[in-house]
>>> print(open('protein-v6.txt').read())   # compact mmCIF, C-alpha atoms
# COMPACT_ATOMS: atom_id res chain seq x y z
CA MET N 258 -9.74 5.76 12.77
CA ARG N 259 -7.39 2.98 13.79
CA ILE N 260 -5.47 2.80 10.46
CA GLU N 261 -4.79 6.54 10.52
CA SER N 262 -3.45 6.34 14.09
CA LEU N 263 -1.41 3.25 13.24
CA LEU N 264 0.23 5.00 10.28
CA LYS N 265 0.93 8.18 12.24
CA GLU N 266 2.68 6.07 14.86
CA ARG N 267 4.63 3.95 12.33
CA LEU N 268 5.77 6.99 10.35
CA ASN N 269 6.99 8.91 13.37
CA GLY N 270 10.62 9.85 12.68
CA VAL N 271 10.60 8.34 9.17
CA LYS N 272 12.35 10.58 6.61
CA LYS N 273 11.40 8.68 3.45
CA LEU N 274 8.28 6.66 2.74
CA ALA N 275 7.45 4.42 -0.21
CA VAL N 276 3.84 3.44 -0.91
CA LEU N 277 3.07 0.51 -3.19
CA GLY N 278 -0.44 -0.24 -4.44
CA ALA N 279 -0.81 -3.79 -5.74
CA GLY N 280 -3.56 -5.70 -7.54
CA SER N 281 -5.20 -6.29 -10.88
CA VAL N 282 -7.25 -3.39 -12.25
CA LEU N 283 -8.94 -5.95 -14.53
CA LYS N 284 -10.38 -8.04 -11.68
CA ALA N 285 -13.07 -6.01 -9.87
CA ASP N 286 -12.13 -5.66 -6.18
CA ASP N 287 -8.56 -6.82 -6.72
CA ALA N 288 -7.87 -3.26 -7.92
CA ALA N 289 -8.36 -1.84 -4.40
CA GLY N 290 -4.66 -1.34 -3.58
CA VAL N 291 -3.97 0.35 -6.90
CA ARG N 292 -6.99 2.66 -6.49
CA VAL N 293 -5.78 3.78 -3.04
CA ALA N 294 -2.30 4.47 -4.46
CA GLU N 295 -3.87 6.49 -7.29
CA GLU N 296 -5.64 8.68 -4.72
CA ILE N 297 -2.35 9.21 -2.90
CA GLN N 298 -0.69 10.25 -6.17
CA LYS N 299 -3.49 12.74 -6.84
CA ASN N 300 -3.01 14.37 -3.43
CA PHE N 301 0.78 14.23 -3.06
CA ALA N 302 2.65 15.53 -6.10
CA PRO N 303 6.27 14.23 -6.18
CA ASP N 304 7.74 17.73 -6.61
CA LYS N 305 6.06 18.92 -3.40
CA TYR N 306 6.69 15.73 -1.40
CA PRO N 307 10.25 14.57 -2.20
CA GLY N 308 10.32 12.18 0.76
CA LEU N 309 7.40 10.21 -0.66
CA LEU N 310 7.53 7.65 -3.46
CA CYS N 311 4.18 6.25 -4.60
CA CYS N 312 4.10 3.32 -7.05
CA LEU N 313 1.19 1.69 -8.87
CA GLY N 314 2.47 -1.87 -8.75
CA GLU N 315 -0.62 -3.52 -10.20
CA THR N 316 -0.03 -7.26 -10.85
CA ALA N 317 3.76 -6.96 -10.96
CA PRO N 318 4.72 -4.85 -7.93
CA GLU N 319 8.18 -6.42 -8.08
CA ASN N 320 8.81 -4.23 -11.14
CA PHE N 321 9.14 -1.33 -8.70
CA SER N 322 11.52 -3.09 -6.30
CA GLY N 323 14.60 -1.49 -7.92
CA LYS N 324 13.08 1.98 -7.76
CA ILE N 325 12.06 1.46 -4.13
CA ARG N 326 15.49 0.02 -3.27
CA ARG N 327 17.25 3.05 -4.80
CA PHE N 328 14.87 5.41 -2.97
CA ARG N 329 15.89 3.74 0.33
CA PRO N 330 12.72 4.40 2.33
CA GLY N 331 12.66 4.16 6.08
CA HIS N 332 9.17 2.70 5.75
CA LEU N 333 7.27 0.84 3.03
CA LEU N 334 3.47 0.88 2.99
CA VAL N 335 1.93 -1.83 0.80
CA ILE N 336 -1.80 -1.84 0.03
CA ASP N 337 -3.53 -4.77 -1.65
CA ALA N 338 -6.79 -6.67 -1.80
CA ALA N 339 -6.47 -9.77 0.34
CA ASP N 340 -8.71 -12.68 1.20
CA LEU N 341 -8.63 -12.40 4.97
CA GLY N 342 -11.86 -14.26 5.69
CA LEU N 343 -13.53 -10.97 6.69
CA GLU N 344 -16.64 -9.20 5.47
CA PRO N 345 -16.23 -7.57 2.03
CA GLY N 346 -14.65 -4.14 2.35
CA GLU N 347 -13.11 -4.71 5.75
CA ILE N 348 -9.59 -3.31 6.12
CA ALA N 349 -6.91 -4.98 8.20
CA GLU N 350 -3.20 -4.91 8.78
CA ILE N 351 -1.47 -8.08 7.63
CA ARG N 352 1.84 -9.22 9.01
CA PRO N 353 4.11 -9.75 5.99
CA LYS N 354 5.08 -13.21 7.27
CA ASP N 355 1.38 -14.19 7.11
CA VAL N 356 1.08 -13.43 3.40
CA GLY N 357 0.50 -16.60 1.39
CA GLY N 358 2.77 -17.98 -1.28
CA PRO N 359 2.30 -18.18 -5.04
CA THR N 360 -1.05 -19.96 -4.93
CA TYR N 361 -2.62 -17.21 -2.80
CA CYS N 362 -1.84 -14.09 -4.82
CA SER N 363 -2.50 -12.49 -8.16
CA HIS N 364 1.04 -11.12 -8.49
CA MET N 365 3.92 -12.39 -10.57
CA LEU N 366 6.17 -12.65 -7.50
CA PRO N 367 4.61 -13.27 -4.08
CA LEU N 368 4.44 -10.11 -1.96
CA ARG N 369 6.11 -11.92 0.94
CA VAL N 370 9.21 -12.53 -1.17
CA MET N 371 9.34 -8.96 -2.49
CA ILE N 372 8.77 -7.43 0.95
CA GLY N 373 11.50 -9.62 2.44
CA TYR N 374 13.90 -8.54 -0.30
CA LEU N 375 13.15 -4.83 0.21
CA LYS N 376 13.46 -5.10 3.99
CA GLU N 377 16.83 -6.79 3.59
CA GLU N 378 18.11 -4.34 0.96
CA THR N 379 16.89 -1.09 2.53
CA GLY N 380 16.43 -1.85 6.22
CA CYS N 381 12.93 -0.36 6.01
CA ASN N 382 9.99 -1.24 8.20
CA VAL N 383 6.87 -2.46 6.41
CA THR N 384 3.16 -2.00 6.93
CA LEU N 385 0.89 -4.15 4.76
CA LEU N 386 -2.79 -3.22 4.60
CA GLY N 387 -5.38 -5.49 3.04
CA ILE N 388 -8.93 -4.87 1.88
CA GLN N 389 -11.22 -7.90 1.82
CA PRO N 390 -12.59 -8.34 -1.73
CA LYS N 391 -16.10 -9.49 -2.54
CA SER N 392 -15.52 -10.21 -6.24
CA ILE N 393 -12.41 -10.75 -8.31
CA GLU N 394 -14.38 -11.39 -11.48
CA PHE N 395 -12.36 -10.64 -14.61
CA ASP N 396 -13.49 -7.38 -16.24
CA GLY N 397 -15.94 -6.86 -13.37
CA GLU N 398 -16.79 -3.60 -11.62
CA MET N 399 -15.50 -2.90 -8.13
CA THR N 400 -18.23 -3.73 -5.61
CA GLU N 401 -19.92 -1.08 -3.49
CA GLU N 402 -18.39 -2.43 -0.27
CA VAL N 403 -14.84 -2.32 -1.60
CA ARG N 404 -15.32 1.07 -3.28
CA ALA N 405 -16.41 2.45 0.11
CA ALA N 406 -13.37 0.82 1.75
CA VAL N 407 -11.06 2.34 -0.88
CA ASP N 408 -12.51 5.79 -0.14
CA LYS N 409 -12.22 5.25 3.61
CA LEU N 410 -8.65 3.94 3.43
CA SER N 411 -7.57 6.62 0.94
CA GLY N 412 -8.82 9.31 3.29
CA ALA N 413 -7.11 7.78 6.32
CA VAL N 414 -3.80 7.28 4.50
CA CYS N 415 -3.86 10.79 3.01
CA ARG N 416 -4.56 12.36 6.42
CA ALA N 417 -1.74 10.32 7.98
CA LEU N 418 0.64 11.33 5.16
CA ALA N 419 -0.25 15.01 5.53
CA TYR N 420 0.43 14.73 9.27
CA TRP N 421 3.72 12.89 8.61
CA HIS N 422 4.85 15.39 6.00
CA SER N 423 4.12 18.34 8.29
CA ARG N 424 6.58 16.89 10.82
CA VAL N 425 9.35 15.41 8.67
CA LYS N 426 12.47 17.30 7.68
CA ILE N 427 13.53 16.20 4.20
CA VAL N 428 17.28 16.31 3.71
>>> encode(input="protein-v6.txt", output="structure tokens")
Amino acid sequence: MRIESLLKERLNGVKKLAVLGAGSVLKADDAAGVRVAEEIQKNFAPDKYPGLLCCLGETAPENFSGKIRRFRPGHLLVIDAADLGLEPGEIAEIRPKDVGGPTYCSHMLPLRVMIGYLKEETGCNVTLLGIQPKSIEFDGEMTEEVRAAVDKLSGAVCRALAYWHSRVKIV
């Protein structure tokens, strides 16, 4: 899978990785990034993977910016639902500079601003992955297409993290 290969390449030589899942768990498909991060947390316990920090940012991912800054990752992986004009459930990499401003996101602080701050403060590289939502209905259920994409992306990210962890020397 392309995402798995992309992550393996981006994480090559990285000693510390922060993962941030963003989105509203109250708005159907907007929960996609948080659900992927939850799967990562289930598979990578912090005591066994000290070079990995996984945060459930939900609608205020900026609340974790201090924790991420103190962790000083070499790479930051952000996962969020994003209206990319694709078919529901499609997964794509988004360049952080292409992320819209306040009117295009469900977060308190636009991701572009937070990512820029963390890059400046930590010197980390960033990969932003988006899942195209079908519905962001309040109190709605995640759609079948996005649920399948969450499963697919969770598997790819977890395989890439296992590969990364098998090669990294934590100091």
>>> residues_near_point(input="protein-v6.txt", point="(1.3, 1.5, -12.4)", cutoff="12 Å", atoms="only C-alpha atoms", output="list in words")
Val276, Leu277, Gly278, Ala279, Gly280, Ser281, Val282, Ala288, Gly290, Val291, Arg292, Val293, Ala294, Glu295, Gln298, Cys311, Cys312, Leu313, Gly314, Glu315, Thr316, Ala317, Pro318, Glu319, Asn320 and Phe321 of chain N
>>> residues_around(input="protein-v6.txt", residues="Lys391 (chain N)", least_positions_apart="3", cutoff="7 Å", atoms="all atoms listed in the file", output="number ranges by chain")
N: 286, 345, 400
>>> closest_atom_pairs(input="protein-v6.txt", of="region 309-395 of chain N", to="region 259-275 of chain N", cutoff="10 Å", atoms="only C-alpha atoms", output="JSON lines")
{"residue": "N:Leu309", "atom": "CA", "partner": "N:Leu274", "partner_atom": "CA", "distance": 5.0}
{"residue": "N:Leu310", "atom": "CA", "partner": "N:Ala275", "partner_atom": "CA", "distance": 4.6}
{"residue": "N:Cys311", "atom": "CA", "partner": "N:Ala275", "partner_atom": "CA", "distance": 5.8}
{"residue": "N:Cys312", "atom": "CA", "partner": "N:Ala275", "partner_atom": "CA", "distance": 7.7}
{"residue": "N:Lys324", "atom": "CA", "partner": "N:Ala275", "partner_atom": "CA", "distance": 9.7}
{"residue": "N:Ile325", "atom": "CA", "partner": "N:Ala275", "partner_atom": "CA", "distance": 6.7}
{"residue": "N:Arg326", "atom": "CA", "partner": "N:Ala275", "partner_atom": "CA", "distance": 9.7}
{"residue": "N:Phe328", "atom": "CA", "partner": "N:Ala275", "partner_atom": "CA", "distance": 8.0}
{"residue": "N:Arg329", "atom": "CA", "partner": "N:Lys273", "partner_atom": "CA", "distance": 7.4}
{"residue": "N:Pro330", "atom": "CA", "partner": "N:Lys273", "partner_atom": "CA", "distance": 4.6}
{"residue": "N:Gly331", "atom": "CA", "partner": "N:Lys273", "partner_atom": "CA", "distance": 5.4}
{"residue": "N:His332", "atom": "CA", "partner": "N:Leu274", "partner_atom": "CA", "distance": 5.1}
{"residue": "N:Leu333", "atom": "CA", "partner": "N:Ala275", "partner_atom": "CA", "distance": 4.8}
{"residue": "N:Leu334", "atom": "CA", "partner": "N:Ala275", "partner_atom": "CA", "distance": 6.2}
{"residue": "N:Val335", "atom": "CA", "partner": "N:Ala275", "partner_atom": "CA", "distance": 8.4}
{"residue": "N:Ile348", "atom": "CA", "partner": "N:Ile260", "partner_atom": "CA", "distance": 8.6}
{"residue": "N:Ala349", "atom": "CA", "partner": "N:Ile260", "partner_atom": "CA", "distance": 8.2}
{"residue": "N:Glu350", "atom": "CA", "partner": "N:Ile260", "partner_atom": "CA", "distance": 8.2}
{"residue": "N:Cys381", "atom": "CA", "partner": "N:Leu274", "partner_atom": "CA", "distance": 9.0}
{"residue": "N:Asn382", "atom": "CA", "partner": "N:Arg267", "partner_atom": "CA", "distance": 8.5}
{"residue": "N:Val383", "atom": "CA", "partner": "N:Arg267", "partner_atom": "CA", "distance": 9.0}
{"residue": "N:Thr384", "atom": "CA", "partner": "N:Arg267", "partner_atom": "CA", "distance": 8.2}
{"residue": "N:Leu386", "atom": "CA", "partner": "N:Ile260", "partner_atom": "CA", "distance": 8.8}
>>> closest_residue(input="protein-v6.txt", among="N:Glu344, N:Asp396, N:Asp304, N:Glu402", to="Leu283 (chain N)", atoms="all atoms listed in the file")
N:Asp396
>>> closest_residue(input="protein-v6.txt", among="N:Ala289, N:Ala302, N:Ala419, N:Val370", to="Asp355 (chain N)", atoms="only C-alpha atoms")
N:Val370
>>> atom_distance(input="protein-v6.txt", atom1="CA of Gly308 (chain N)", atom2="CA of Arg424 (chain N)")
11.7 Å
>>> atom_distance(input="protein-v6.txt", atom1="CA of Ser411 (chain N)", atom2="CA of Gln389 (chain N)")
15.0 Å
>>> atom_distance(input="protein-v6.txt", atom1="CA of Ala406 (chain N)", atom2="CA of Glu394 (chain N)")
18.0 Å
>>> closest_residue(input="protein-v6.txt", among="N:Gly412, N:Ser322, N:Val403, N:Pro390", to="Glu377 (chain N)", atoms="only C-alpha atoms")
N:Ser322
>>> closest_residue(input="protein-v6.txt", among="N:Leu410, N:Leu385, N:Arg327, N:Leu368", to="Arg352 (chain N)", atoms="only C-alpha atoms")
N:Leu385
